[in-house]
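K.L.:
final-v7.csv is reproduced in full below (CSV, C-alpha atoms and all ligand atoms).
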chain,number,residue,atom,x,y,z
Z,402,MET,CA,31.4,3.3,-15.4
Z,403,LEU,CA,29.2,5.7,-17.4
Z,404,LEU,CA,25.7,6.2,-16.1
Z,405,ARG,CA,24.3,5.6,-19.6
Z,406,ASP,CA,26.1,2.3,-19.9
Z,407,PHE,CA,24.8,1.2,-16.5
Z,408,ILE,CA,21.3,2.1,-17.5
Z,409,ARG,CA,21.5,0.4,-20.9
Z,410,GLU,CA,23.0,-2.8,-19.6
Z,411,SER,CA,20.6,-3.0,-16.6
Z,412,ILE,CA,17.6,-2.5,-18.8
Z,413,GLU,CA,18.9,-5.2,-21.1
Z,414,SER,CA,19.3,-7.7,-18.3
Z,415,LEU,CA,16.0,-6.9,-16.6
Z,416,SER,CA,14.2,-7.1,-19.9
Z,417,ALA,CA,14.6,-10.9,-19.7
Z,418,PHE,CA,12.2,-10.8,-16.7
Z,419,TYR,CA,10.0,-7.7,-17.2
Z,420,PRO,CA,8.4,-6.0,-20.3
Z,421,SER,CA,11.1,-3.6,-21.6
Z,422,ASP,CA,9.1,-0.4,-20.6
Z,423,GLU,CA,8.8,-1.7,-17.1
Z,424,ALA,CA,12.5,-2.7,-17.0
Z,425,ARG,CA,13.4,0.9,-18.0
Z,426,LYS,CA,11.1,2.4,-15.4
Z,427,LEU,CA,12.7,0.2,-12.7
Z,428,VAL,CA,16.2,1.0,-13.6
Z,429,LEU,CA,15.5,4.7,-13.8
Z,430,MET,CA,13.8,4.5,-10.4
Z,431,LEU,CA,16.9,2.8,-9.0
Z,432,ALA,CA,19.3,5.4,-10.5
Z,433,GLN,CA,17.2,8.3,-9.3
Z,434,SER,CA,17.0,7.0,-5.8
Z,435,ARG,CA,20.6,5.8,-5.3
Z,436,LEU,CA,22.4,8.6,-7.3
Z,437,GLY,CA,20.0,11.5,-7.1
Z,438,VAL,CA,20.1,11.8,-10.9
Z,439,LYS,CA,17.1,12.7,-13.1
Z,440,SER,CA,15.5,10.2,-15.4
Z,441,TYR,CA,17.1,12.0,-18.4
Z,442,THR,CA,20.6,12.8,-17.0
Z,443,HIS,CA,22.2,10.0,-18.9
Z,444,ILE,CA,20.7,11.4,-22.1
Z,445,ILE,CA,21.4,15.1,-21.8
Z,446,GLU,CA,24.7,14.6,-20.0
Z,447,PRO,CA,26.1,11.4,-21.6
Z,448,ASP,CA,29.5,11.7,-19.9
Z,449,THR,CA,28.0,11.4,-16.4
Z,450,GLU,CA,29.9,8.7,-14.5
Z,451,VAL,CA,28.5,6.5,-11.8
Z,452,PRO,CA,30.6,7.5,-8.7
Z,453,CYS,CA,32.9,4.5,-7.8
Z,454,GLU,CA,31.5,4.2,-4.3
Z,455,PHE,CA,28.0,3.4,-5.8
Z,456,VAL,CA,29.0,0.8,-8.3
Z,457,ASP,CA,29.0,-2.2,-5.9
Z,458,THR,CA,25.6,-1.1,-4.4
Z,459,LEU,CA,24.0,-0.7,-7.8
Z,460,GLN,CA,25.3,-4.1,-9.0
Z,461,THR,CA,23.9,-5.8,-5.8
Z,462,ASP,CA,20.6,-4.0,-6.4
Z,463,ILE,CA,20.4,-5.2,-9.9
Z,464,ARG,CA,21.2,-8.8,-8.8
Z,465,ARG,CA,18.4,-8.6,-6.2
Z,466,MET,CA,16.0,-7.3,-8.9
Z,467,LEU,CA,17.0,-10.1,-11.3
Z,468,ALA,CA,16.1,-12.5,-8.5
Z,469,GLY,CA,12.6,-11.0,-8.7
Z,470,GLU,CA,12.7,-8.8,-5.6
Z,471,PRO,CA,10.5,-5.7,-6.1
Z,472,VAL,CA,12.6,-2.5,-6.5
Z,473,GLN,CA,10.7,-0.9,-3.5
Z,474,TYR,CA,12.2,-3.6,-1.2
Z,475,VAL,CA,15.6,-3.2,-2.7
Z,476,LEU,CA,15.5,0.6,-2.1
Z,477,GLY,CA,13.5,0.3,1.2
Z,478,GLU,CA,11.0,2.9,0.0
Z,479,ALA,CA,7.9,3.3,-2.0
Z,480,GLU,CA,6.0,6.4,-3.2
Z,481,PHE,CA,2.5,6.9,-1.9
Z,482,TYR,CA,0.4,10.0,-2.4
Z,483,GLY,CA,3.5,12.1,-3.2
Z,484,ARG,CA,5.6,11.0,-0.3
Z,485,MET,CA,8.3,8.3,0.1
Z,486,PHE,CA,7.3,5.7,2.7
Z,487,ARG,CA,9.7,3.2,4.2
Z,488,VAL,CA,8.9,-0.4,3.2
Z,489,ALA,CA,10.5,-3.7,4.1
Z,490,PRO,CA,9.8,-7.4,3.5
Z,491,GLY,CA,7.0,-8.2,5.8
Z,492,VAL,CA,5.0,-5.1,4.9
Z,493,LEU,CA,2.8,-4.6,1.7
Z,494,ILE,CA,4.1,-2.2,-0.9
Z,495,PRO,CA,1.4,0.5,-1.1
Z,496,ARG,CA,-0.6,0.3,-4.3
Z,497,PRO,CA,-1.8,3.2,-6.5
Z,498,GLU,CA,-5.5,2.3,-6.1
Z,499,THR,CA,-5.2,2.8,-2.3
Z,500,GLU,CA,-4.3,6.4,-3.1
Z,501,MET,CA,-7.8,6.8,-4.5
Z,502,LEU,CA,-9.2,5.6,-1.2
Z,503,VAL,CA,-7.2,8.3,0.6
Z,504,GLN,CA,-8.2,10.9,-1.9
Z,505,GLU,CA,-11.9,10.2,-1.4
Z,506,ALA,CA,-11.6,9.8,2.3
Z,507,LEU,CA,-10.0,13.2,2.7
Z,508,ASN,CA,-13.3,14.8,1.6
Z,509,HIS,CA,-14.8,13.4,4.9
Z,510,VAL,CA,-11.9,14.2,7.3
Z,511,HIS,CA,-11.7,17.5,9.0
Z,512,SER,CA,-9.0,19.0,11.3
Z,513,ASP,CA,-11.0,17.8,14.4
Z,514,SER,CA,-12.0,14.4,13.0
Z,515,SER,CA,-11.0,11.1,14.6
Z,516,VAL,CA,-10.0,8.4,12.1
Z,517,LEU,CA,-9.4,4.7,12.4
Z,518,ASP,CA,-7.3,2.8,9.8
Z,519,LEU,CA,-7.7,-1.0,10.0
Z,520,CYS,CA,-4.9,-3.2,8.6
Z,521,THR,CA,-2.5,-0.3,8.3
Z,522,GLY,CA,0.6,-2.2,7.0
Z,523,SER,CA,3.2,0.5,6.2
Z,524,GLY,CA,0.9,3.1,7.7
Z,525,CYS,CA,0.5,4.7,4.3
Z,526,ILE,CA,-3.2,5.5,4.8
Z,527,ALA,CA,-2.9,6.6,8.4
Z,528,TRP,CA,0.1,8.8,7.9
Z,529,THR,CA,-1.2,10.4,4.7
Z,530,VAL,CA,-4.6,11.3,6.3
Z,531,SER,CA,-2.8,12.7,9.3
Z,532,LEU,CA,-0.4,14.7,7.2
Z,533,GLU,CA,-3.0,16.0,4.8
Z,534,LYS,CA,-5.4,17.1,7.6
Z,535,PRO,CA,-3.3,18.4,10.4
Z,536,GLY,CA,-5.1,18.3,13.7
Z,537,CYS,CA,-7.1,15.2,13.0
Z,538,LYS,CA,-6.5,12.2,15.3
Z,539,VAL,CA,-5.5,9.0,13.6
Z,540,THR,CA,-5.4,5.5,15.1
Z,541,ALA,CA,-4.2,2.6,13.1
Z,542,VAL,CA,-4.3,-1.1,13.8
Z,543,ASP,CA,-2.4,-4.1,12.4
Z,544,ILE,CA,-1.7,-7.7,13.7
Z,545,SER,CA,1.8,-7.8,12.3
Z,546,ASP,CA,4.8,-6.7,14.4
Z,547,ALA,CA,6.9,-6.3,11.2
Z,548,ALA,CA,4.3,-4.0,9.7
Z,549,LEU,CA,3.9,-1.9,12.9
Z,550,GLU,CA,7.6,-1.5,13.2
Z,551,VAL,CA,7.8,-0.1,9.7
Z,552,ALA,CA,4.6,2.1,10.2
Z,553,GLU,CA,6.0,3.6,13.4
Z,554,SER,CA,9.4,4.3,11.7
Z,555,GLN,CA,8.0,6.5,8.9
Z,556,PRO,CA,10.0,9.8,8.8
Z,557,PHE,CA,7.2,12.3,9.0
Z,558,GLY,CA,7.1,13.7,12.5
Z,559,ASP,CA,4.1,13.5,14.7
Z,560,SER,CA,2.9,9.9,14.5
Z,561,PRO,CA,-0.6,8.5,14.4
Z,562,ARG,CA,-1.3,6.1,17.2
Z,563,PHE,CA,-0.4,2.5,16.2
Z,564,ILE,CA,-2.0,-0.4,18.0
Z,565,ARG,CA,-1.3,-4.1,17.6
Z,566,ALA,CA,-4.6,-5.9,17.4
Z,567,ASP,CA,-6.4,-8.7,15.6
Z,568,ILE,CA,-9.4,-7.2,13.8
Z,569,LEU,CA,-11.0,-10.7,13.9
Z,570,ASP,CA,-11.5,-10.1,17.6
Z,571,ASP,CA,-14.3,-7.9,18.8
Z,572,PRO,CA,-13.0,-4.4,19.6
Z,573,ASP,CA,-13.3,-3.0,23.1
Z,574,GLN,CA,-14.7,0.5,22.9
Z,575,SER,CA,-13.0,1.5,26.2
Z,576,VAL,CA,-9.6,0.7,24.6
Z,577,PHE,CA,-10.1,2.0,21.1
Z,578,GLY,CA,-12.6,4.9,21.5
Z,579,THR,CA,-15.0,6.0,18.8
Z,580,TYR,CA,-14.3,7.5,15.3
Z,581,ASP,CA,-15.8,9.8,12.7
Z,582,VAL,CA,-14.1,8.0,9.9
Z,583,LEU,CA,-13.1,4.3,9.4
Z,584,LEU,CA,-10.8,3.2,6.6
Z,585,ALA,CA,-9.4,-0.2,5.7
Z,586,ASN,CA,-7.5,-2.1,3.1
Z,587,PRO,CA,-7.6,-5.6,4.5
Z,588,PRO,CA,-6.3,-8.8,2.8
Z,589,TYR,CA,-8.8,-9.7,0.1
Z,590,ILE,CA,-7.1,-11.9,-2.6
Z,591,MET,CA,-8.5,-15.4,-2.7
Z,592,ASP,CA,-6.0,-18.2,-2.5
Z,593,SER,CA,-7.2,-19.5,-5.9
Z,594,GLU,CA,-6.0,-16.2,-7.4
Z,595,ARG,CA,-2.4,-17.1,-6.7
Z,596,ALA,CA,-2.3,-18.9,-10.0
Z,597,VAL,CA,-2.7,-15.6,-12.0
Z,598,MET,CA,-0.4,-13.4,-9.8
Z,599,ARG,CA,3.1,-12.2,-10.6
Z,600,LYS,CA,5.9,-14.3,-9.1
Z,601,ASN,CA,7.6,-11.4,-7.5
Z,602,VAL,CA,4.5,-10.5,-5.5
Z,603,LEU,CA,4.0,-14.2,-4.5
Z,604,ASP,CA,7.7,-14.7,-3.6
Z,605,PHE,CA,8.4,-11.4,-1.8
Z,606,GLU,CA,5.2,-9.8,-0.4
Z,607,PRO,CA,3.7,-11.1,2.8
Z,608,ASP,CA,0.9,-13.7,2.5
Z,609,LEU,CA,-0.6,-12.2,5.7
Z,610,ALA,CA,-1.2,-8.9,3.9
Z,611,LEU,CA,-2.7,-10.4,0.8
Z,612,PHE,CA,-4.6,-13.7,1.0
Z,613,VAL,CA,-7.9,-14.9,2.3
Z,614,PRO,CA,-9.3,-18.5,2.0
Z,615,ASP,CA,-11.6,-19.2,-0.9
Z,616,SER,CA,-14.0,-20.8,1.7
Z,617,ASP,CA,-14.4,-17.4,3.5
Z,618,PRO,CA,-13.2,-14.6,1.3
Z,619,LEU,CA,-15.1,-11.9,3.2
Z,620,VAL,CA,-13.8,-12.8,6.6
Z,621,TYR,CA,-12.2,-9.4,7.1
Z,622,TYR,CA,-15.3,-7.4,5.9
Z,623,ARG,CA,-17.5,-9.2,8.5
Z,624,ALA,CA,-14.9,-8.0,11.1
Z,625,ILE,CA,-14.9,-4.5,9.7
Z,626,ALA,CA,-18.7,-4.4,9.9
Z,627,VAL,CA,-18.4,-5.3,13.6
Z,628,TRP,CA,-15.7,-2.7,14.2
Z,629,ALA,CA,-17.9,-0.1,12.4
Z,630,GLY,CA,-20.9,-1.1,14.4
Z,631,LYS,CA,-19.1,-0.6,17.7
Z,632,LEU,CA,-16.6,2.2,17.0
Z,633,LEU,CA,-18.1,4.4,14.3
Z,634,VAL,CA,-20.1,7.4,15.6
Z,635,ARG,CA,-23.6,7.9,14.2
Z,636,GLY,CA,-23.3,9.7,10.9
Z,637,GLY,CA,-19.7,8.5,10.6
Z,638,PHE,CA,-18.2,7.7,7.2
Z,639,ALA,CA,-16.3,4.5,6.2
Z,640,MET,CA,-14.5,3.4,3.1
Z,641,VAL,CA,-12.9,0.0,2.4
Z,642,GLU,CA,-10.9,-1.4,-0.5
Z,643,ILE,CA,-12.3,-4.6,-1.9
Z,644,ASN,CA,-11.7,-7.5,-4.3
Z,645,GLU,CA,-13.1,-6.4,-7.7
Z,646,LYS,CA,-14.6,-9.9,-8.2
Z,647,LEU,CA,-16.6,-9.8,-5.0
Z,648,GLY,CA,-18.3,-6.4,-5.2
Z,649,ALA,CA,-21.8,-7.6,-5.1
Z,650,GLU,CA,-21.2,-10.0,-2.2
Z,651,THR,CA,-19.2,-7.5,-0.2
Z,652,LEU,CA,-22.0,-4.9,-0.7
Z,653,ALA,CA,-24.6,-7.4,0.5
Z,654,LEU,CA,-22.5,-8.1,3.6
Z,655,PHE,CA,-22.5,-4.5,4.6
Z,656,GLU,CA,-26.2,-4.1,3.7
Z,657,GLY,CA,-27.0,-6.9,6.2
Z,658,ALA,CA,-25.1,-5.1,9.0
Z,659,GLN,CA,-27.4,-2.1,9.8
Z,660,LEU,CA,-25.2,0.4,8.0
Z,661,SER,CA,-26.5,3.0,5.6
Z,662,ASP,CA,-25.7,4.8,2.3
Z,663,ILE,CA,-23.8,1.8,1.2
Z,664,ARG,CA,-22.4,1.9,-2.4
Z,665,ILE,CA,-19.6,0.6,-4.5
Z,666,VAL,CA,-17.0,3.0,-5.9
Z,667,LYS,CA,-15.0,2.0,-9.0
Z,668,ASP,CA,-11.3,2.4,-9.5
Z,669,PHE,CA,-9.6,4.2,-12.4
Z,670,PHE,CA,-9.9,0.9,-14.4
Z,671,GLY,CA,-13.7,0.9,-13.9
Z,672,LYS,CA,-13.4,-2.1,-11.5
Z,673,ASP,CA,-15.5,-2.4,-8.3
Z,674,ARG,CA,-12.7,-1.4,-5.9
Z,675,PHE,CA,-14.2,0.2,-2.8
Z,676,ILE,CA,-17.3,0.3,-0.7
Z,677,VAL,CA,-18.3,3.4,1.2
Z,678,PHE,CA,-21.0,3.5,3.9
Z,679,SER,CA,-22.2,5.6,6.8
Z,680,LYS,CA,-23.6,4.7,10.1
U,701,LIG,C1,-3.6,-5.4,2.1
U,701,LIG,S1,-2.5,-5.0,3.5
U,701,LIG,C2,-2.8,-3.3,3.6
U,701,LIG,C3,-1.7,-2.5,4.1
U,701,LIG,C4,-1.8,-0.9,3.9
U,701,LIG,N1,-3.0,-0.5,4.6
U,701,LIG,C5,-1.9,-0.5,2.5
U,701,LIG,O1,-3.0,-0.1,2.0
U,701,LIG,O2,-0.9,-0.6,1.8
U,701,LIG,C6,-3.4,-5.7,4.8
U,701,LIG,C7,-2.8,-5.6,6.2
U,701,LIG,O3,-3.6,-6.3,7.1
U,701,LIG,C8,-2.9,-6.9,8.1
U,701,LIG,N2,-3.6,-7.9,8.7
U,701,LIG,C9,-3.8,-9.2,8.3
U,701,LIG,N3,-4.6,-9.9,9.1
U,701,LIG,C10,-5.0,-9.0,10.1
U,701,LIG,C11,-5.7,-9.1,11.3
U,701,LIG,N4,-6.4,-10.3,11.6
U,701,LIG,N5,-5.9,-8.1,12.1
U,701,LIG,C12,-5.2,-6.9,11.8
U,701,LIG,N6,-4.5,-6.7,10.7
U,701,LIG,C13,-4.3,-7.8,9.9
U,701,LIG,C14,-1.6,-7.3,7.4
U,701,LIG,O4,-0.5,-7.4,8.3
U,701,LIG,C15,-1.4,-6.2,6.4
U,701,LIG,O5,-0.5,-5.2,6.9
Take the structure in the file and give it back as structure tokens.
P.N.:
Amino acid sequence: MLLRDFIRESIESLSAFYPSDEARKLVLMLAQSRLGVKSYTHIIEPDTEVPCEFVDTLQTDIRRMLAGEPVQYVLGEAEFYGRMFRVAPGVLIPRPETEMLVQEALNHVHSDSSVLDLCTGSGCIAWTVSLEKPGCKVTAVDISDAALEVAESQPFGDSPRFIRADILDDPDQSVFGTYDVLLANPPYIMDSERAVMRKNVLDFEPDLALFVPDSDPLVYYRAIAVWAGKLLVRGGFAMVEINEKLGAETLALFEGAQLSDIRIVKDFFGKDRFIVFSK
């Protein structure tokens, strides 16, 4: 089978489910990852064949994508801050806005800093900070065994310390220690927002990573304020990702928690997306 035929036919099929630009992006991502070709190989080298041994795999991949499965789960990897991270069902696919959290946080992390990442998921924040600032000590926490297994399996060498813990429990300082920097991207989507979410997120990504009850949407931020109160050193810096609809309420929560320099940071769409504070 010619690569250009595979790409054209796959885009056509996926266009029934995705906008055509997105279908093209997904198919090219698949071809690049599985075959090691460039996004333009099928154009500048139109006679390129799909090697026989890859045809079955690619057809299975497209079938899974037609069933709505995100391409990152099909490939088992997702790009974050310029690196490919392992992902699997049971762990959230890292999102571009979280790269902004890392970028800002890196201004506050030094080679001798200690950093705590709450709700680590794939470990994308913890690993990136640890790789970008060699020497800093990163500890990361999640409640999910599936997430911790993926986080610990990332292929980057010296690992952050991963701990299974429920952040809704009070942290024991003698177990966790203290930190110069605290980062977190906790679940923050309200159950009522399911109605406007894409089916492939709802069907394939873990509820545990995404949702909070409408009756208590800031439950994880109350917990983060407690963890910051107990484990962040005086003068320490924290940054958390938030629900854009709850900026004012989340800000008020941290203001009531004896923390300082609290402010909202907007994402690249101008939405309230992060809160930073110091202790
Ligand atoms: C929004 S995901 C963030 C994952 C990753 N940090 C990222 O940015 O891609 C939230 C994570 O919080 C974890 N989580 C949910 N409830 C938790 C709890 N009570 N204690 C610790 N982690 C929890 C989930 O397992 C999930 O991995």
K.L.:
Within 9 Å of segment 651-654 of chain Z, counting only C-alpha atoms, which residues show up once you throw out same-chain ones fewer than 2 positions away? Write them as a VMD selection string, please.
P.N.:
chain Z and resid 619 622 to 623 626 643 to 644 647 to 649 656 to 658 663 to 665 676
K.L.:
Could you save those same residues with C-alpha atoms as a PDB file, in the frame of the given file?
P.N.:
ATOM      1  CA  LEU Z 619     -15.100 -11.900   3.200  1.00  0.00           C
ATOM      2  CA  TYR Z 622     -15.300  -7.400   5.900  1.00  0.00           C
ATOM      3  CA  ARG Z 623     -17.500  -9.200   8.500  1.00  0.00           C
ATOM      4  CA  ALA Z 626     -18.700  -4.400   9.900  1.00  0.00           C
ATOM      5  CA  ILE Z 643     -12.300  -4.600  -1.900  1.00  0.00           C
ATOM      6  CA  ASN Z 644     -11.700  -7.500  -4.300  1.00  0.00           C
ATOM      7  CA  LEU Z 647     -16.600  -9.800  -5.000  1.00  0.00           C
ATOM      8  CA  GLY Z 648     -18.300  -6.400  -5.200  1.00  0.00           C
ATOM      9  CA  ALA Z 649     -21.800  -7.600  -5.100  1.00  0.00           C
ATOM     10  CA  GLU Z 656     -26.200  -4.100   3.700  1.00  0.00           C
ATOM     11  CA  GLY Z 657     -27.000  -6.900   6.200  1.00  0.00           C
ATOM     12  CA  ALA Z 658     -25.100  -5.100   9.000  1.00  0.00           C
ATOM     13  CA  ILE Z 663     -23.800   1.800   1.200  1.00  0.00           C
ATOM     14  CA  ARG Z 664     -22.400   1.900  -2.400  1.00  0.00           C
ATOM     15  CA  ILE Z 665     -19.600   0.600  -4.500  1.00  0.00           C
ATOM     16  CA  ILE Z 676     -17.300   0.300  -0.700  1.00  0.00           C
TER      17      ILE Z 676
END
K.L.:
Would you kindly return, as a list of chain:residue names, each protein, DNA or RNA residue with an atom no farther than 6 Å from any atom of segment 404-419 of chain Z, considering only C-alpha atoms and excluding same-chain residues fewer than 3 positions away?
P.N.:
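With the cut-off at 6 Å, the set is Z:Ala424, Z:Arg425, Z:His443, Z:Thr449, Z:Glu450, Z:Val451.
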K.L.:
Taking all atoms listed in the file into account, list the residues no farther than 7 Å from ligand LIG 701 (chain U), as a compact mmCIF listing (two decimals) with C-alpha atoms, in the coordinates of the input.
P.N.:
# COMPACT_ATOMS: atom_id res chain seq x y z
CA VAL Z 492 5.00 -5.10 4.90
CA LEU Z 493 2.80 -4.60 1.70
CA ILE Z 494 4.10 -2.20 -0.90
CA PRO Z 495 1.40 0.50 -1.10
CA ARG Z 496 -0.60 0.30 -4.30
CA THR Z 499 -5.20 2.80 -2.30
CA LEU Z 519 -7.70 -1.00 10.00
CA CYS Z 520 -4.90 -3.20 8.60
CA THR Z 521 -2.50 -0.30 8.30
CA GLY Z 522 0.60 -2.20 7.00
CA SER Z 523 3.20 0.50 6.20
CA GLY Z 524 0.90 3.10 7.70
CA CYS Z 525 0.50 4.70 4.30
CA ILE Z 526 -3.20 5.50 4.80
CA VAL Z 542 -4.30 -1.10 13.80
CA ASP Z 543 -2.40 -4.10 12.40
CA ILE Z 544 -1.70 -7.70 13.70
CA SER Z 545 1.80 -7.80 12.30
CA ALA Z 548 4.30 -4.00 9.70
CA ALA Z 566 -4.60 -5.90 17.40
CA ASP Z 567 -6.40 -8.70 15.60
CA ILE Z 568 -9.40 -7.20 13.80
CA LEU Z 569 -11.00 -10.70 13.90
CA ALA Z 585 -9.40 -0.20 5.70
CA ASN Z 586 -7.50 -2.10 3.10
CA PRO Z 587 -7.60 -5.60 4.50
CA PRO Z 588 -6.30 -8.80 2.80
CA LEU Z 609 -0.60 -12.20 5.70
CA ALA Z 610 -1.20 -8.90 3.90
CA LEU Z 611 -2.70 -10.40 0.80
K.L.:
Select, from Z:Gly636, Z:Pro420, Z:Glu480, Z:Leu429, the residue with the minimum atom-to-atom distance to Ile463 of chain Z, counting only C-alpha atoms.
P.N.:
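Of all the options, Z:Leu429 lies closest to Ile463 of chain Z.
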K.L.:
Return the single residue from Z:Leu584, Z:Thr579, Z:Met501, Z:Thr529 that is closest to Val666 of chain Z, with distances computed using only C-alpha atoms.
P.N.:
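Of all the options, Z:Met501 lies closest to Val666 of chain Z.
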K.L.:
Work out how far atom CA of Asp592 of chain Z is from atom CA of Gln659 of chain Z, in Å to one decimal.
P.N.:
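Separating atom CA of Gln659 of chain Z from atom CA of Asp592 of chain Z is a distance of 29.5 Å.
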K.L.:
Give me the residues within 12 Å of Thr461 of chain Z as a list of chain:residue names, counting all atoms listed in the file and dropping any in the same chain fewer than 5 places off.
P.N.:
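Counting only the stated atoms, we get Z:Ser411, Z:Leu431, Z:Phe455, Z:Val456, Z:Met466, Z:Leu467, Z:Ala468, Z:Glu470, Z:Val472, Z:Val475, Z:Leu476.
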K.L.:
So, counting only C-alpha atoms, which residue among Z:Gln555, Z:Gln504, Z:Ser661, Z:Ser512 is closest to Cys537 of chain Z?
P.N.:
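Checking each of Z:Gln555, Z:Gln504, Z:Ser661, Z:Ser512 against Cys537 of chain Z, counting only C-alpha atoms, the winner is Z:Ser512.
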K.L.:
Which residue, Z:Met430, Z:Ala527, Z:Ala547, Z:Cys453, has the smallest gap to Ala479 of chain Z when you use only C-alpha atoms?
P.N.:
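Among Z:Met430, Z:Ala527, Z:Ala547, Z:Cys453, it is Z:Met430 that comes nearest to Ala479 of chain Z.
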